[in-house]
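Student: Once you've had a glance at the structure underneath, I'll fire off some questions.
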Amino acid sequence: MIAVDTNILVYAHRTESSFHIQAFDCLRSLAEGRQRWGIPVSCLHEFLSVVTNRKIFNPASGYEQGLAQIDAWLASPHVQLLHSGSQHWRILSELTRKAKPRGGQFHDARIAAICIENSVSVLWSADRDFGRFKALKTVNPLV
């Protein structure tokens, strides 16, 4: 299963992004394809936080626009919303002991743990910080 990180979601949504076309095409291929794919629920929270932030985008996306975008992704017949489960803390502890993240990198560790727990084979992300989590394969589909 492929999982999608927040930055790919943001780039696909925001047309002014220099990566918009590539990210949009990547998500369309997943949404219209037959392969199972997923979005960690924390990435949806972060997506809404970023695209509606007026300090980041002027004009920012409206809340309803952000929700409509998420609803469109979740309408894909093969998408799965990925949550933490009963093994989350064990997996997260192992990841952080090995990678020794600091500050905001714990958010990435949480996403990595959710992906591992949900048997994600690869996380699509443009964030190189995920490379510190050796147990999760990451690929930047935009390059």
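Note on naming: chains are A, B, ... as they come in the structure tokens, residues start from 1 per chain, ligands start from 1 in the order shown.
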If you run DSSP on the backbone, which residues of chain A are helix (DSSP H, G or I), as a PyMOL selection string?
Tutor: chain A and resi 6-13+20-32+41-51+63-74+88-99+105-117+128-132
Student: Could you take the residues named above and write them with C-alpha atoms, as a PDB file, in the first residue's frame?
Tutor:
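Written file, out_6.pdb:
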ATOM      1  CA  THR A   6       0.859  16.093   3.920  1.00  0.00           C
ATOM      2  CA  ASN A   7       3.161  17.942   1.529  1.00  0.00           C
ATOM      3  CA  ILE A   8       1.928  15.939  -1.470  1.00  0.00           C
ATOM      4  CA  LEU A   9      -1.667  16.676  -0.437  1.00  0.00           C
ATOM      5  CA  VAL A  10      -0.956  20.395  -0.102  1.00  0.00           C
ATOM      6  CA  TYR A  11       0.852  20.598  -3.442  1.00  0.00           C
ATOM      7  CA  ALA A  12      -2.006  18.758  -5.161  1.00  0.00           C
ATOM      8  CA  HIS A  13      -4.566  21.138  -3.662  1.00  0.00           C
ATOM      9  CA  HIS A  20       0.955  21.223  -8.242  1.00  0.00           C
ATOM     10  CA  ILE A  21       0.682  19.420 -11.569  1.00  0.00           C
ATOM     11  CA  GLN A  22       2.963  16.543 -10.534  1.00  0.00           C
ATOM     12  CA  ALA A  23       1.275  16.122  -7.142  1.00  0.00           C
ATOM     13  CA  PHE A  24      -2.220  16.377  -8.635  1.00  0.00           C
ATOM     14  CA  ASP A  25      -1.345  13.726 -11.224  1.00  0.00           C
ATOM     15  CA  CYS A  26       0.094  11.435  -8.526  1.00  0.00           C
ATOM     16  CA  LEU A  27      -3.049  11.645  -6.421  1.00  0.00           C
ATOM     17  CA  ARG A  28      -5.311  11.252  -9.427  1.00  0.00           C
ATOM     18  CA  SER A  29      -3.433   8.069 -10.402  1.00  0.00           C
ATOM     19  CA  LEU A  30      -4.022   6.681  -6.904  1.00  0.00           C
ATOM     20  CA  ALA A  31      -7.643   7.834  -6.653  1.00  0.00           C
ATOM     21  CA  GLU A  32      -8.570   6.442 -10.070  1.00  0.00           C
ATOM     22  CA  VAL A  41      -5.307  10.756   9.589  1.00  0.00           C
ATOM     23  CA  SER A  42      -2.736  13.104  11.134  1.00  0.00           C
ATOM     24  CA  CYS A  43      -1.778  14.200   7.598  1.00  0.00           C
ATOM     25  CA  LEU A  44      -5.372  15.284   6.998  1.00  0.00           C
ATOM     26  CA  HIS A  45      -5.291  17.346  10.204  1.00  0.00           C
ATOM     27  CA  GLU A  46      -2.039  18.935   9.113  1.00  0.00           C
ATOM     28  CA  PHE A  47      -3.367  19.499   5.570  1.00  0.00           C
ATOM     29  CA  LEU A  48      -6.305  21.522   6.918  1.00  0.00           C
ATOM     30  CA  SER A  49      -4.007  23.435   9.242  1.00  0.00           C
ATOM     31  CA  VAL A  50      -1.654  24.401   6.391  1.00  0.00           C
ATOM     32  CA  VAL A  51      -4.049  25.215   3.543  1.00  0.00           C
ATOM     33  CA  TYR A  63     -12.380  25.563   5.628  1.00  0.00           C
ATOM     34  CA  GLU A  64     -15.204  24.208   3.456  1.00  0.00           C
ATOM     35  CA  GLN A  65     -12.855  24.070   0.462  1.00  0.00           C
ATOM     36  CA  GLY A  66     -10.321  22.061   2.487  1.00  0.00           C
ATOM     37  CA  LEU A  67     -13.014  19.682   3.727  1.00  0.00           C
ATOM     38  CA  ALA A  68     -14.384  19.233   0.199  1.00  0.00           C
ATOM     39  CA  GLN A  69     -10.895  18.341  -1.013  1.00  0.00           C
ATOM     40  CA  ILE A  70     -10.509  15.714   1.707  1.00  0.00           C
ATOM     41  CA  ASP A  71     -13.965  14.320   0.956  1.00  0.00           C
ATOM     42  CA  ALA A  72     -12.968  13.991  -2.717  1.00  0.00           C
ATOM     43  CA  TRP A  73      -9.836  12.012  -1.826  1.00  0.00           C
ATOM     44  CA  LEU A  74     -11.746   9.812   0.606  1.00  0.00           C
ATOM     45  CA  HIS A  88       1.396   2.367  17.879  1.00  0.00           C
ATOM     46  CA  TRP A  89       3.341   3.167  21.037  1.00  0.00           C
ATOM     47  CA  ARG A  90       5.656   0.168  20.653  1.00  0.00           C
ATOM     48  CA  ILE A  91       6.431   1.050  17.019  1.00  0.00           C
ATOM     49  CA  LEU A  92       6.819   4.764  17.770  1.00  0.00           C
ATOM     50  CA  SER A  93       9.167   4.011  20.686  1.00  0.00           C
ATOM     51  CA  GLU A  94      11.355   1.792  18.510  1.00  0.00           C
ATOM     52  CA  LEU A  95      11.486   4.395  15.726  1.00  0.00           C
ATOM     53  CA  THR A  96      12.381   7.252  18.035  1.00  0.00           C
ATOM     54  CA  ARG A  97      15.019   5.294  19.933  1.00  0.00           C
ATOM     55  CA  LYS A  98      16.792   4.540  16.654  1.00  0.00           C
ATOM     56  CA  ALA A  99      16.274   7.869  14.852  1.00  0.00           C
ATOM     57  CA  GLN A 105      10.440  15.530  13.824  1.00  0.00           C
ATOM     58  CA  PHE A 106       8.258  13.690  16.347  1.00  0.00           C
ATOM     59  CA  HIS A 107       5.288  14.493  14.114  1.00  0.00           C
ATOM     60  CA  ASP A 108       7.097  12.697  11.274  1.00  0.00           C
ATOM     61  CA  ALA A 109       7.835   9.784  13.618  1.00  0.00           C
ATOM     62  CA  ARG A 110       4.131   9.521  14.421  1.00  0.00           C
ATOM     63  CA  ILE A 111       3.268   9.388  10.706  1.00  0.00           C
ATOM     64  CA  ALA A 112       5.970   6.770  10.128  1.00  0.00           C
ATOM     65  CA  ALA A 113       4.634   4.653  13.007  1.00  0.00           C
ATOM     66  CA  ILE A 114       1.080   4.847  11.649  1.00  0.00           C
ATOM     67  CA  CYS A 115       2.337   3.781   8.224  1.00  0.00           C
ATOM     68  CA  ILE A 116       4.337   0.853   9.589  1.00  0.00           C
ATOM     69  CA  GLU A 117       1.451  -0.316  11.753  1.00  0.00           C
ATOM     70  CA  ARG A 128      13.634  14.169   3.293  1.00  0.00           C
ATOM     71  CA  ASP A 129      13.401  13.970   7.097  1.00  0.00           C
ATOM     72  CA  PHE A 130      11.533  10.659   6.761  1.00  0.00           C
ATOM     73  CA  GLY A 131      14.820   9.104   5.654  1.00  0.00           C
ATOM     74  CA  ARG A 132      15.812   8.893   9.309  1.00  0.00           C
TER      75      ARG A 132
END
Student: Suppose you want the space between CA of Gln80 (chain A) and CA of Ser17 (chain A); what is it in Å?
Tutor: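 Here the two named atoms are 25.7 Å from each other.
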Student: Please return as a list in words: the residues of region 61-141 of chain A that backbone DSSP assigns to strand (DSSP E).
Tutor: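 Matching residues, listed in order: Val79, Gln80, Leu81, Leu82, Val122, Leu123, Trp124, Thr138 and Val139 of chain A.
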Student: Which is closer to His83 (chain A) than all the others in A:Asn118, A:Met1, A:Phe57, A:Val143, using only C-alpha atoms?
Tutor: A:Asn118
Student: Write out as a VMD selection string which residues come within 9 Å of Val139 (chain A) when counting only C-alpha atoms, dropping same-chain ones fewer than 3 positions away.
Tutor: chain A and resid 122 to 126 142
Student: So, counting only C-alpha atoms, which residue among A:Arg14, A:Ile39, A:Lys100, A:Ser119 is closest to Pro59 (chain A)?
Tutor: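 Ranking A:Arg14, A:Ile39, A:Lys100, A:Ser119 by distance to Pro59 (chain A), first place goes to A:Arg14.
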Student: What is the distance between CA of Gly33 (chain A) and CA of Ile2 (chain A), in Å to one decimal?
Tutor: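 Distance reported for this atom pair: 11.8 Å.
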